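S.K.: Got work_2.cif for you, mmCIF, C-alpha atoms:
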data_structure
#
loop_
_atom_site.label_atom_id
_atom_site.label_comp_id
_atom_site.auth_asym_id
_atom_site.auth_seq_id
_atom_site.Cartn_x
_atom_site.Cartn_y
_atom_site.Cartn_z
CA MET A 88 -14.36 -14.72 30.60
CA ARG A 89 -12.61 -17.34 32.75
CA ASP A 90 -15.10 -17.11 35.57
CA VAL A 91 -17.98 -17.14 33.13
CA ILE A 92 -16.79 -20.39 31.53
CA LEU A 93 -16.16 -21.93 34.92
CA SER A 94 -19.64 -21.04 36.09
CA LEU A 95 -21.18 -22.56 32.99
CA LEU A 96 -19.35 -25.79 33.82
CA ALA A 97 -20.50 -25.75 37.44
CA LYS A 98 -23.85 -27.34 36.62
CA GLU A 99 -22.44 -30.32 34.70
CA PRO A 100 -19.48 -31.29 32.51
CA ALA A 101 -19.65 -30.10 28.91
CA HIS A 102 -17.64 -29.83 25.73
CA GLY A 103 -16.71 -26.54 24.12
CA TYR A 104 -19.63 -26.36 21.73
CA GLU A 105 -22.19 -26.99 24.49
CA LEU A 106 -20.60 -24.25 26.55
CA ARG A 107 -20.93 -21.85 23.68
CA GLN A 108 -24.58 -22.84 23.34
CA ARG A 109 -25.15 -22.21 27.03
CA LEU A 110 -23.49 -18.83 26.73
CA VAL A 111 -25.65 -17.93 23.74
CA GLN A 112 -28.72 -19.09 25.60
CA ALA A 113 -27.87 -17.00 28.64
CA LEU A 114 -27.00 -13.87 26.64
CA GLY A 115 -29.33 -14.01 23.64
CA PRO A 116 -28.15 -12.11 20.56
CA VAL A 117 -25.28 -10.62 22.58
CA GLY A 118 -23.97 -14.14 23.17
CA GLY A 119 -24.22 -14.84 19.45
CA ALA A 120 -21.86 -11.96 18.80
CA LEU A 121 -19.10 -13.40 21.01
CA ASN A 122 -16.00 -14.77 19.30
CA PRO A 123 -16.41 -18.61 19.27
CA GLY A 124 -12.65 -19.14 19.51
CA GLN A 125 -12.58 -17.40 22.88
CA VAL A 126 -14.37 -20.29 24.61
CA TYR A 127 -11.74 -22.79 23.45
CA VAL A 128 -8.80 -20.54 24.27
CA THR A 129 -10.23 -19.94 27.72
CA LEU A 130 -10.83 -23.67 28.27
CA SER A 131 -7.19 -24.58 27.58
CA ARG A 132 -6.04 -21.79 29.91
CA LEU A 133 -8.34 -23.10 32.61
CA GLU A 134 -7.02 -26.62 32.06
CA ARG A 135 -3.42 -25.45 32.45
CA ALA A 136 -4.42 -23.62 35.62
CA GLY A 137 -5.88 -26.85 37.06
CA LEU A 138 -9.37 -25.38 37.35
CA VAL A 139 -10.92 -27.80 34.84
CA GLU A 140 -10.08 -31.35 33.74
CA ALA A 141 -10.59 -32.66 30.22
CA SER A 142 -11.40 -36.20 29.17
CA GLU A 143 -11.71 -37.61 25.67
CA VAL A 144 -15.09 -39.15 24.89
CA ALA A 145 -15.42 -41.42 21.85
CA GLN A 146 -18.35 -40.71 19.51
CA PRO A 147 -19.57 -42.96 16.72
CA ASN A 148 -18.83 -41.51 13.25
CA HIS A 149 -17.19 -38.39 14.75
CA PRO A 150 -13.78 -37.51 16.12
CA ASP A 151 -13.45 -37.90 19.91
CA LYS A 152 -14.76 -34.89 21.81
CA LYS A 153 -13.12 -33.26 24.78
CA VAL A 154 -15.45 -32.99 27.78
CA TYR A 155 -14.50 -30.51 30.50
CA GLU A 156 -15.42 -30.66 34.14
CA LEU A 157 -14.59 -28.50 37.13
CA THR A 158 -11.88 -29.55 39.55
CA ALA A 159 -12.34 -28.90 43.27
CA SER A 160 -10.39 -25.65 42.99
CA GLY A 161 -12.45 -24.70 39.93
CA ARG A 162 -15.61 -25.12 41.96
CA GLU A 163 -14.14 -23.10 44.80
CA ARG A 164 -13.36 -20.33 42.33
CA VAL A 165 -16.95 -20.35 41.03
CA GLU A 166 -18.25 -20.06 44.55
CA ALA A 167 -15.88 -17.21 45.29
CA TRP A 168 -16.96 -15.52 42.03
CA LEU A 169 -20.63 -15.84 42.95
CA ALA A 170 -19.96 -14.28 46.33
CA ASP A 171 -17.71 -11.52 44.97
CA VAL A 172 -19.35 -8.08 44.72
CA THR A 173 -16.95 -6.45 42.26
CA TRP A 174 -19.13 -4.56 39.82
CA SER A 175 -18.75 -4.18 36.08
CA LYS A 176 -18.99 -0.52 35.20
CA VAL A 177 -19.70 -1.12 31.51
CA ALA A 178 -22.67 -3.46 31.11
CA PRO A 179 -24.28 -5.70 33.70
CA LEU A 180 -23.46 -8.76 31.60
CA GLU A 181 -21.38 -10.47 34.25
CA PHE A 182 -23.93 -9.99 36.99
CA HIS A 183 -26.68 -11.19 34.64
CA LEU A 184 -24.71 -14.39 34.04
CA LYS A 185 -24.04 -14.67 37.76
CA LEU A 186 -27.78 -14.80 38.37
CA VAL A 187 -28.27 -17.34 35.56
CA ALA A 188 -25.45 -19.48 36.99
CA ALA A 189 -26.74 -19.16 40.55
CA ALA A 190 -30.21 -20.29 39.52
CA ALA A 191 -29.02 -23.15 37.30
CA THR A 192 -26.55 -24.57 39.80
CA ARG A 193 -28.42 -23.72 43.01
CA LEU A 194 -25.08 -22.70 44.49
CA ALA A 195 -26.60 -19.36 45.44
CA ASP A 196 -30.02 -17.71 45.58
CA PRO A 197 -30.32 -15.14 42.76
CA VAL A 198 -32.57 -12.90 44.86
CA ALA A 199 -30.05 -12.92 47.69
CA LEU A 200 -27.30 -12.03 45.21
CA VAL A 201 -29.42 -9.12 43.98
CA ASP A 202 -29.91 -7.99 47.58
CA SER A 203 -26.26 -8.03 48.53
CA GLN A 204 -25.25 -6.40 45.26
CA ARG A 205 -27.81 -3.65 45.76
CA LEU A 206 -26.56 -3.02 49.27
CA GLU A 207 -23.01 -2.76 47.93
CA LEU A 208 -24.09 -0.32 45.20
CA ARG A 209 -26.05 1.80 47.68
CA ARG A 210 -22.97 2.11 49.84
CA GLU A 211 -20.91 3.02 46.78
CA LEU A 212 -23.52 5.60 45.82
CA ARG A 213 -23.40 7.06 49.31
CA GLN A 214 -19.63 7.37 49.02
CA LEU A 215 -19.95 8.97 45.60
CA GLN A 216 -22.43 11.48 47.03
CA GLU A 217 -20.04 12.35 49.80
CA LEU A 218 -17.20 12.79 47.34
CA ALA A 219 -19.46 14.92 45.13
CA LEU A 220 -20.55 17.08 48.06
CA ALA A 221 -16.92 17.72 48.93
CA GLU A 222 -16.33 19.20 45.47
CA PRO A 223 -17.22 22.77 44.48
CA PRO A 224 -20.73 22.52 42.91
CA ASP A 225 -19.78 23.58 39.41
CA SER A 226 -16.39 21.88 39.15
CA ASP A 227 -15.45 19.26 36.55
CA GLY A 228 -14.88 16.80 39.37
CA ALA A 229 -18.46 17.19 40.62
CA LEU A 230 -19.73 16.69 37.08
CA LEU A 231 -17.79 13.45 36.67
CA LEU A 232 -19.08 12.20 40.01
CA GLU A 233 -22.62 13.13 38.99
CA GLY A 234 -22.14 10.94 35.92
CA ALA A 235 -20.84 8.10 38.04
CA SER A 236 -23.78 8.48 40.48
CA LEU A 237 -26.31 8.48 37.67
CA ARG A 238 -24.82 5.27 36.31
CA LEU A 239 -24.98 3.68 39.71
CA GLN A 240 -28.55 4.91 40.09
CA ALA A 241 -29.42 3.26 36.79
CA ASP A 242 -27.67 0.07 37.91
CA ILE A 243 -29.73 0.04 41.10
CA ARG A 244 -32.93 0.48 39.11
CA TRP A 245 -31.93 -2.44 36.92
CA LEU A 246 -31.28 -4.56 40.03
CA GLU A 247 -34.88 -3.84 41.01
CA ALA A 248 -36.02 -5.25 37.66
CA CYS A 249 -33.77 -8.30 38.27
CA GLU A 250 -35.32 -8.77 41.67
CA ARG A 251 -38.86 -8.74 40.26
CA ARG A 252 -37.94 -11.26 37.57
CA TRP A 253 -36.11 -13.69 39.84
CA VAL A 254 -38.73 -13.50 42.58
CA GLU A 255 -41.35 -14.38 39.95
CA ARG A 256 -39.28 -17.27 38.59
CA GLU A 257 -38.59 -18.71 41.99
CA SER A 258 -42.23 -18.58 42.97
CA ARG A 259 -43.23 -20.66 39.92
CA MET B 225 -42.08 8.19 75.75
CA SER B 226 -40.13 10.94 74.03
CA ASP B 227 -36.61 9.46 74.41
CA GLY B 228 -35.24 11.51 71.51
CA ASN B 229 -37.58 10.15 68.84
CA VAL B 230 -39.28 12.82 66.75
CA ILE B 231 -41.52 10.23 65.13
CA GLN B 232 -42.60 6.90 66.48
CA ALA B 233 -45.17 4.75 64.72
CA ARG B 234 -46.47 1.35 65.81
CA GLY B 235 -48.51 -0.99 63.67
CA LEU B 236 -49.76 1.71 61.29
CA VAL B 237 -52.39 0.42 58.86
CA ARG B 238 -54.16 2.25 56.07
CA ARG B 239 -56.72 0.48 53.86
CA TYR B 240 -58.27 1.59 50.59
CA GLN B 241 -61.21 0.18 48.67
CA ALA B 242 -59.94 -0.77 45.23
CA GLU B 243 -62.52 -2.25 42.82
CA GLY B 244 -64.58 -3.62 45.67
CA SER B 245 -61.79 -5.39 47.53
CA PRO B 246 -59.89 -3.64 50.32
CA ILE B 247 -56.13 -3.26 49.86
CA ARG B 248 -53.77 -2.47 52.69
CA ALA B 249 -51.70 0.41 51.33
CA VAL B 250 -49.80 0.53 54.62
CA ASP B 251 -49.82 -2.79 56.38
CA GLY B 252 -48.54 -2.70 59.94
CA VAL B 253 -45.56 -0.34 59.78
CA ASP B 254 -43.35 0.26 62.81
CA LEU B 255 -41.02 3.18 62.37
CA VAL B 256 -38.83 5.47 64.42
CA VAL B 257 -37.12 8.66 63.34
CA GLU B 258 -34.66 9.90 65.93
CA ALA B 259 -33.89 13.55 66.54
CA GLY B 260 -31.38 14.77 63.96
CA GLU B 261 -31.66 11.65 61.84
CA THR B 262 -32.10 11.47 58.07
CA VAL B 263 -34.19 8.51 56.92
CA SER B 264 -35.16 7.65 53.37
CA VAL B 265 -37.91 5.34 52.22
CA MET B 266 -37.68 3.59 48.87
CA GLY B 267 -39.80 1.04 47.10
CA PRO B 268 -41.62 0.37 43.83
CA SER B 269 -44.63 2.47 42.77
CA GLY B 270 -47.67 1.51 44.78
CA CYS B 271 -45.66 0.06 47.69
CA GLY B 272 -47.33 2.51 50.08
CA LYS B 273 -44.42 4.87 50.68
CA SER B 274 -46.33 8.07 49.90
CA THR B 275 -49.31 6.89 51.93
CA LEU B 276 -46.94 6.26 54.83
CA LEU B 277 -45.65 9.84 54.58
CA HIS B 278 -49.23 11.13 54.52
CA LEU B 279 -50.01 9.14 57.67
CA LEU B 280 -46.91 10.43 59.45
CA GLY B 281 -47.83 14.00 58.51
CA GLY B 282 -51.51 13.70 59.46
CA LEU B 283 -52.60 14.27 55.86
CA GLU B 284 -54.39 10.90 56.06
CA ARG B 285 -55.61 8.98 59.08
CA PRO B 286 -54.53 5.45 59.94
CA ASP B 287 -57.16 2.69 60.24
CA ALA B 288 -55.09 1.15 63.01
CA GLY B 289 -51.88 1.79 64.89
CA GLU B 290 -50.33 4.47 67.05
CA LEU B 291 -48.42 7.58 66.07
CA TYR B 292 -46.34 9.81 68.31
CA LEU B 293 -44.69 13.12 67.40
CA ASP B 294 -42.00 14.11 69.88
CA GLY B 295 -43.53 11.73 72.40
CA GLU B 296 -47.06 13.11 72.06
CA ARG B 297 -49.72 10.74 70.76
CA VAL B 298 -51.33 12.30 67.67
CA ASP B 299 -53.28 9.58 65.85
CA GLY B 300 -56.50 10.53 67.64
CA LEU B 301 -56.23 14.31 67.15
CA SER B 302 -59.10 16.23 65.57
CA GLU B 303 -58.60 17.83 62.15
CA THR B 304 -58.12 21.28 63.73
CA ALA B 305 -55.66 20.01 66.32
CA TRP B 306 -53.70 18.22 63.58
CA ALA B 307 -53.55 21.42 61.53
CA VAL B 308 -51.91 23.24 64.43
CA ARG B 309 -49.62 20.29 65.21
CA ARG B 310 -48.48 20.16 61.58
CA ARG B 311 -47.74 23.85 61.44
CA ARG B 312 -45.86 23.72 64.72
CA GLY B 313 -43.86 20.53 64.27
CA LEU B 314 -43.68 19.45 60.66
CA GLY B 315 -42.34 20.79 57.40
CA PHE B 316 -43.46 19.38 54.04
CA VAL B 317 -41.71 19.28 50.69
CA PHE B 318 -43.64 17.88 47.73
CA GLN B 319 -42.75 16.81 44.22
CA ALA B 320 -45.06 19.47 42.75
CA PHE B 321 -43.71 22.21 45.11
CA HIS B 322 -47.24 23.39 46.10
CA LEU B 323 -46.27 27.06 46.30
CA VAL B 324 -49.03 29.67 46.27
CA ASP B 325 -48.82 31.13 42.75
CA GLU B 326 -50.12 34.58 43.74
CA LEU B 327 -47.52 35.09 46.47
CA THR B 328 -43.84 35.97 45.99
CA ALA B 329 -41.12 33.58 47.10
CA VAL B 330 -40.60 35.34 50.44
CA GLU B 331 -44.37 35.60 51.06
CA ASN B 332 -44.68 31.84 50.48
CA VAL B 333 -41.94 31.17 53.00
CA GLU B 334 -43.29 33.47 55.72
CA LEU B 335 -46.89 32.28 55.40
CA PRO B 336 -46.66 29.32 57.83
CA ALA B 337 -44.91 31.56 60.38
CA LEU B 338 -47.69 34.16 60.13
CA LEU B 339 -50.33 31.44 60.49
CA LEU B 340 -48.64 30.35 63.70
CA GLY B 341 -48.84 33.90 65.07
CA ALA B 342 -45.38 35.33 64.33
CA SER B 343 -45.22 39.10 63.85
CA ARG B 344 -44.87 40.30 60.24
CA ARG B 345 -41.43 41.61 60.99
CA ASP B 346 -40.22 38.41 62.63
CA ALA B 347 -41.76 36.20 59.90
CA ARG B 348 -40.10 38.27 57.16
CA ARG B 349 -36.73 38.17 58.88
CA ARG B 350 -36.86 34.37 59.29
CA ALA B 351 -38.02 33.91 55.69
CA MET B 352 -35.22 36.10 54.33
CA ASP B 353 -32.62 34.32 56.49
CA LEU B 354 -33.71 30.98 55.07
CA LEU B 355 -33.79 32.15 51.46
CA GLU B 356 -30.29 33.50 52.04
CA ARG B 357 -29.12 30.19 53.49
CA LEU B 358 -30.64 28.24 50.60
CA GLY B 359 -29.06 30.51 48.00
CA VAL B 360 -32.25 32.05 46.57
CA ALA B 361 -32.37 35.38 48.45
CA GLU B 362 -32.07 37.36 45.21
CA ARG B 363 -35.28 35.67 44.00
CA ALA B 364 -37.27 36.68 47.10
CA GLY B 365 -39.55 39.15 45.29
CA HIS B 366 -40.41 36.87 42.35
CA LEU B 367 -43.62 34.95 41.83
CA PRO B 368 -43.16 31.15 41.58
CA ASP B 369 -43.79 31.09 37.82
CA ARG B 370 -40.69 33.26 37.36
CA LEU B 371 -38.51 30.70 39.16
CA SER B 372 -36.84 27.56 37.80
CA GLY B 373 -37.87 24.16 39.15
CA GLY B 374 -34.78 24.00 41.32
CA GLU B 375 -35.42 27.50 42.73
CA ARG B 376 -39.05 26.67 43.45
CA GLN B 377 -38.04 23.58 45.38
CA ARG B 378 -35.52 25.64 47.38
CA VAL B 379 -38.26 28.09 48.26
CA ALA B 380 -40.45 25.12 49.26
CA VAL B 381 -37.68 23.80 51.51
CA ALA B 382 -37.32 27.26 53.08
CA ARG B 383 -41.08 27.26 53.74
CA ALA B 384 -40.81 23.81 55.30
CA LEU B 385 -38.11 25.07 57.67
CA VAL B 386 -39.60 28.44 58.67
CA ASN B 387 -41.27 27.22 61.88
CA ASP B 388 -38.19 25.26 62.92
CA PRO B 389 -39.90 21.86 62.58
CA LEU B 390 -39.09 18.69 64.49
CA VAL B 391 -38.91 16.88 61.19
CA VAL B 392 -39.21 17.67 57.49
CA LEU B 393 -41.24 15.18 55.45
CA ALA B 394 -40.29 15.18 51.76
CA ASP B 395 -42.35 13.28 49.19
CA GLU B 396 -40.43 12.67 45.91
CA PRO B 397 -38.71 16.07 46.31
CA THR B 398 -36.66 15.67 43.12
CA GLY B 399 -39.45 14.18 41.00
CA ASN B 400 -39.76 17.34 38.90
CA LEU B 401 -36.10 18.32 38.87
CA ASP B 402 -33.36 17.69 36.32
CA SER B 403 -30.09 16.05 37.29
CA HIS B 404 -28.33 19.33 38.07
CA ALA B 405 -31.13 20.74 40.24
CA THR B 406 -31.33 17.33 41.94
CA GLY B 407 -27.63 17.65 42.76
CA ASP B 408 -28.24 21.10 44.28
CA LEU B 409 -31.11 19.81 46.40
CA LEU B 410 -29.00 16.87 47.56
CA ARG B 411 -26.33 19.30 48.68
CA LEU B 412 -28.99 21.18 50.60
CA PHE B 413 -30.34 18.01 52.24
CA ALA B 414 -26.81 17.02 53.21
CA GLU B 415 -26.39 20.44 54.88
CA LEU B 416 -29.64 19.91 56.78
CA ARG B 417 -28.37 16.47 57.80
CA GLU B 418 -25.13 18.03 59.09
CA ALA B 419 -27.21 20.63 60.96
CA ARG B 420 -29.07 17.69 62.58
CA GLN B 421 -32.44 18.67 61.14
CA ALA B 422 -34.49 15.44 61.18
CA LEU B 423 -35.59 14.54 57.69
CA LEU B 424 -37.72 11.78 56.21
CA ILE B 425 -37.51 11.47 52.43
CA VAL B 426 -39.76 9.26 50.34
CA THR B 427 -38.19 8.76 46.95
CA HIS B 428 -37.69 6.40 44.04
CA ASP B 429 -34.35 8.07 43.27
CA ALA B 430 -31.41 6.06 44.64
CA ARG B 431 -29.19 9.16 44.56
CA VAL B 432 -31.55 11.01 46.87
CA ALA B 433 -32.02 7.99 49.13
CA SER B 434 -28.27 7.55 49.49
CA ILE B 435 -27.80 10.74 51.52
CA ALA B 436 -29.76 9.24 54.43
CA ASP B 437 -28.30 7.74 57.60
CA ARG B 438 -30.80 4.93 57.27
CA LEU B 439 -32.66 3.56 54.27
CA LEU B 440 -35.96 1.72 54.59
CA THR B 441 -37.25 -0.42 51.74
CA MET B 442 -41.02 -0.88 51.41
CA ARG B 443 -42.93 -3.51 49.50
CA ASP B 444 -46.69 -4.20 49.54
CA GLY B 445 -47.27 -1.77 52.38
CA ALA B 446 -44.59 -3.17 54.69
CA ILE B 447 -41.01 -2.25 55.51
CA VAL B 448 -39.02 -5.24 54.28
CA ALA B 449 -35.45 -4.05 54.77
CA GLN B 450 -33.45 -1.50 56.75
CA THR B 451 -30.00 -0.46 55.68
CA ARG B 452 -27.67 1.75 57.67
CA LEU B 453 -25.75 3.77 55.11
CA GLY B 454 -23.91 5.88 57.66
CA PRO B 455 -21.05 8.12 56.70
CA GLY B 456 -18.88 6.44 54.08
CA THR B 457 -15.89 4.66 55.60
CA SER B 458 -13.42 5.03 52.78
CA ALA B 459 -13.78 6.52 49.35
CA ALA B 460 -10.59 4.93 48.06
CA GLY B 461 -12.23 1.79 46.70
CA VAL B 462 -14.89 3.75 44.88
CA LEU B 463 -12.31 6.08 43.36
CA ALA B 464 -10.10 3.19 42.30
CA SER B 465 -13.00 1.51 40.52
CA LEU B 466 -13.90 4.75 38.75
CA ALA B 467 -10.34 5.05 37.50
CA GLU B 468 -10.48 1.62 35.85
CA LEU B 469 -10.52 1.78 32.08
CA GLY B 470 -11.55 -1.85 31.52
CA GLY B 471 -9.57 -4.91 30.40
CA ASP B 472 -10.23 -8.63 30.72
CA GLY B 473 -8.86 -10.41 33.80
#
Before anything else, please render the file you have as structure tokens.
M.R.:
Amino acid sequence: MRDVILSLLAKEPAHGYELRQRLVQALGPVGGALNPGQVYVTLSRLERAGLVEASEVAQPNHPDKKVYELTASGRERVEAWLADVTWSKVAPLEFHLKLVAAAATRLADPVALVDSQRLELRRELRQLQELALAEPPDSDGALLLEGASLRLQADIRWLEACERRWVERESR
Amino acid sequence: MSDGNVIQARGLVRRYQAEGSPIRAVDGVDLVVEAGETVSVMGPSGCGKSTLLHLLGGLERPDAGELYLDGERVDGLSETAWAVRRRRGLGFVFQAFHLVDELTAVENVELPALLLGASRRDARRRAMDLLERLGVAERAGHLPDRLSGGERQRVAVARALVNDPLVVLADEPTGNLDSHATGDLLRLFAELREARQALLIVTHDARVASIADRLLTMRDGAIVAQTRLGPGTSAAGVLASLAELGGDG
């Protein structure tokens, strides 16, 4: 969550509500299901960690709003996050947002991110295959590794769909 | 010219007429398969990967380019000469198995050996040895329709190997197999890789592709990326990530 919020701030400063809107926009109905409080909790943690800075902005007829912007170390962390190839095993939500952030901020090329991620997953798949081949064919261990390989295979197929989409968008 | 390459292709082109306008299904491919190497080719449907395999196996002719098998130029061979060259140097494995329905498993396997002039006795011995090695010896006397998909593909691999080919060309070999049979075939391909049998696999299945030493990615008739997968360096990272049960950092 921290890295996600940071990346959403990388394009331009924003207040909590705008961030939530950006998250919802990037995730669709899934974003709508996120706990709104989480954005604010995360923002104050990030502020304490020195990764974002808050300033009060006066608004006519409304209470002051707190606008957050990235500090230099916050920006460094976003760049490190974009370059990091750690893979979520549950849903590709984080990588999806990584591509959205990369495209919006121009800090990285989404297609290049897809390429390096796919390479990483192919190497992982190769290692899984080797582990699977080292197991007796009908063992529980081989079955678990088959499951893990199939998930990786599905992830790689999804990266191919990402590639098509982002290549199309960039060529517009 | 040979220098250990079982296949060498330069500037291969294959055009088709599609609705009046020519499309280049294979558009200037350079490719080398070294002796003992396992290479896989991936890419979206229509990228030209199956056409490339057909060109390499002489099942289609290139419109331009050069092709060498074991150092011998073959792109200009006549149909008859290609037929002999194929039987002598290449093994094929197809998605749809292509076994002869009227012949038993062992008869299917020995057929290419007989066509190349082996004695009945020698052909039968080699066929039985291979069926044994591939774990389907007890199915030798069955017709293909009595075999499971996985068994049929094993018989097809045995047939591909019976003349001790330079290279086995496999086109979507797991396309008709379930996950378990795919796993068995992968195990078999890995054994062939360890035995240094050169292998070129065209597939859309990332699991199959991952057993290769080298992975080629095709798009619009061209090879756009080459990845050396090599033997895995360390499995520790992969295992550690599998053992994760989640949690927010």
S.K.: At a cut-off of 7 Å, list the chain A residues touching chain B, using only C-alpha atoms, as a JSON list (two decimals) with C-alpha atoms, in the coordinates of the input.
M.R.:
[["chain", "number", "residue", "atom", "x", "y", "z"],
["A", 209, "ARG", "CA", -26.05, 1.80, 47.68],
["A", 210, "ARG", "CA", -22.97, 2.11, 49.84],
["A", 211, "GLU", "CA", -20.91, 3.02, 46.78],
["A", 212, "LEU", "CA", -23.52, 5.60, 45.82],
["A", 213, "ARG", "CA", -23.40, 7.06, 49.31],
["A", 214, "GLN", "CA", -19.63, 7.37, 49.02],
["A", 220, "LEU", "CA", -20.55, 17.08, 48.06],
["A", 236, "SER", "CA", -23.78, 8.48, 40.48],
["A", 240, "GLN", "CA", -28.55, 4.91, 40.09]]
S.K.: Would you kindly translate the PyMOL selection byres ((chain A and resi 197) around 12) into the concrete residues it picks from this file, as a PyMOL selection string?
M.R.: chain A and resi 169-170+182-196+198-204+246+249-257
S.K.: Write the residues of the selection above to a file with C-alpha atoms, as a PDB file, in the coordinates of the input.
M.R.:
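The file below, selection.pdb, is the result:
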ATOM      1  CA  LEU A 169     -20.630 -15.840  42.950  1.00  0.00           C
ATOM      2  CA  ALA A 170     -19.960 -14.280  46.330  1.00  0.00           C
ATOM      3  CA  PHE A 182     -23.930  -9.990  36.990  1.00  0.00           C
ATOM      4  CA  HIS A 183     -26.680 -11.190  34.640  1.00  0.00           C
ATOM      5  CA  LEU A 184     -24.710 -14.390  34.040  1.00  0.00           C
ATOM      6  CA  LYS A 185     -24.040 -14.670  37.760  1.00  0.00           C
ATOM      7  CA  LEU A 186     -27.780 -14.800  38.370  1.00  0.00           C
ATOM      8  CA  VAL A 187     -28.270 -17.340  35.560  1.00  0.00           C
ATOM      9  CA  ALA A 188     -25.450 -19.480  36.990  1.00  0.00           C
ATOM     10  CA  ALA A 189     -26.740 -19.160  40.550  1.00  0.00           C
ATOM     11  CA  ALA A 190     -30.210 -20.290  39.520  1.00  0.00           C
ATOM     12  CA  ALA A 191     -29.020 -23.150  37.300  1.00  0.00           C
ATOM     13  CA  THR A 192     -26.550 -24.570  39.800  1.00  0.00           C
ATOM     14  CA  ARG A 193     -28.420 -23.720  43.010  1.00  0.00           C
ATOM     15  CA  LEU A 194     -25.080 -22.700  44.490  1.00  0.00           C
ATOM     16  CA  ALA A 195     -26.600 -19.360  45.440  1.00  0.00           C
ATOM     17  CA  ASP A 196     -30.020 -17.710  45.580  1.00  0.00           C
ATOM     18  CA  VAL A 198     -32.570 -12.900  44.860  1.00  0.00           C
ATOM     19  CA  ALA A 199     -30.050 -12.920  47.690  1.00  0.00           C
ATOM     20  CA  LEU A 200     -27.300 -12.030  45.210  1.00  0.00           C
ATOM     21  CA  VAL A 201     -29.420  -9.120  43.980  1.00  0.00           C
ATOM     22  CA  ASP A 202     -29.910  -7.990  47.580  1.00  0.00           C
ATOM     23  CA  SER A 203     -26.260  -8.030  48.530  1.00  0.00           C
ATOM     24  CA  GLN A 204     -25.250  -6.400  45.260  1.00  0.00           C
ATOM     25  CA  LEU A 246     -31.280  -4.560  40.030  1.00  0.00           C
ATOM     26  CA  CYS A 249     -33.770  -8.300  38.270  1.00  0.00           C
ATOM     27  CA  GLU A 250     -35.320  -8.770  41.670  1.00  0.00           C
ATOM     28  CA  ARG A 251     -38.860  -8.740  40.260  1.00  0.00           C
ATOM     29  CA  ARG A 252     -37.940 -11.260  37.570  1.00  0.00           C
ATOM     30  CA  TRP A 253     -36.110 -13.690  39.840  1.00  0.00           C
ATOM     31  CA  VAL A 254     -38.730 -13.500  42.580  1.00  0.00           C
ATOM     32  CA  GLU A 255     -41.350 -14.380  39.950  1.00  0.00           C
ATOM     33  CA  ARG A 256     -39.280 -17.270  38.590  1.00  0.00           C
ATOM     34  CA  GLU A 257     -38.590 -18.710  41.990  1.00  0.00           C
TER      35      GLU A 257
END
S.K.: Separation of CA of Gly289 in chain B and CA of Val237 in chain B, in Å?
M.R.: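 CA of Gly289 in chain B sits 6.2 Å away from CA of Val237 in chain B.
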S.K.: Give the answer as one residue: which of A:Glu217, A:Asp242, A:Glu222, A:Glu105 has the shortest atom-to-atom distance to Ala178 in chain A, using all atoms listed in the file?
M.R.: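 Closest candidate: A:Asp242.
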S.K.: Give as a PDB file with C-alpha atoms, in the coordinates of the input the residues that the PyMOL selection byres ((chain A and resi 145-158) around 10) matches when applied to the coordinates above.
M.R.:
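Done, and the output landed in part.pdb:
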ATOM      1  CA  LEU A  93     -16.160 -21.930  34.920  1.00  0.00           C
ATOM      2  CA  SER A  94     -19.640 -21.040  36.090  1.00  0.00           C
ATOM      3  CA  LEU A  95     -21.180 -22.560  32.990  1.00  0.00           C
ATOM      4  CA  LEU A  96     -19.350 -25.790  33.820  1.00  0.00           C
ATOM      5  CA  ALA A  97     -20.500 -25.750  37.440  1.00  0.00           C
ATOM      6  CA  LYS A  98     -23.850 -27.340  36.620  1.00  0.00           C
ATOM      7  CA  GLU A  99     -22.440 -30.320  34.700  1.00  0.00           C
ATOM      8  CA  PRO A 100     -19.480 -31.290  32.510  1.00  0.00           C
ATOM      9  CA  ALA A 101     -19.650 -30.100  28.910  1.00  0.00           C
ATOM     10  CA  HIS A 102     -17.640 -29.830  25.730  1.00  0.00           C
ATOM     11  CA  GLY A 103     -16.710 -26.540  24.120  1.00  0.00           C
ATOM     12  CA  TYR A 104     -19.630 -26.360  21.730  1.00  0.00           C
ATOM     13  CA  GLU A 105     -22.190 -26.990  24.490  1.00  0.00           C
ATOM     14  CA  LEU A 106     -20.600 -24.250  26.550  1.00  0.00           C
ATOM     15  CA  LEU A 130     -10.830 -23.670  28.270  1.00  0.00           C
ATOM     16  CA  SER A 131      -7.190 -24.580  27.580  1.00  0.00           C
ATOM     17  CA  LEU A 133      -8.340 -23.100  32.610  1.00  0.00           C
ATOM     18  CA  GLU A 134      -7.020 -26.620  32.060  1.00  0.00           C
ATOM     19  CA  GLY A 137      -5.880 -26.850  37.060  1.00  0.00           C
ATOM     20  CA  LEU A 138      -9.370 -25.380  37.350  1.00  0.00           C
ATOM     21  CA  VAL A 139     -10.920 -27.800  34.840  1.00  0.00           C
ATOM     22  CA  GLU A 140     -10.080 -31.350  33.740  1.00  0.00           C
ATOM     23  CA  ALA A 141     -10.590 -32.660  30.220  1.00  0.00           C
ATOM     24  CA  SER A 142     -11.400 -36.200  29.170  1.00  0.00           C
ATOM     25  CA  GLU A 143     -11.710 -37.610  25.670  1.00  0.00           C
ATOM     26  CA  VAL A 144     -15.090 -39.150  24.890  1.00  0.00           C
ATOM     27  CA  ALA A 159     -12.340 -28.900  43.270  1.00  0.00           C
ATOM     28  CA  SER A 160     -10.390 -25.650  42.990  1.00  0.00           C
ATOM     29  CA  GLY A 161     -12.450 -24.700  39.930  1.00  0.00           C
ATOM     30  CA  ARG A 162     -15.610 -25.120  41.960  1.00  0.00           C
ATOM     31  CA  GLU A 163     -14.140 -23.100  44.800  1.00  0.00           C
ATOM     32  CA  ARG A 164     -13.360 -20.330  42.330  1.00  0.00           C
ATOM     33  CA  VAL A 165     -16.950 -20.350  41.030  1.00  0.00           C
TER      34      VAL A 165
END
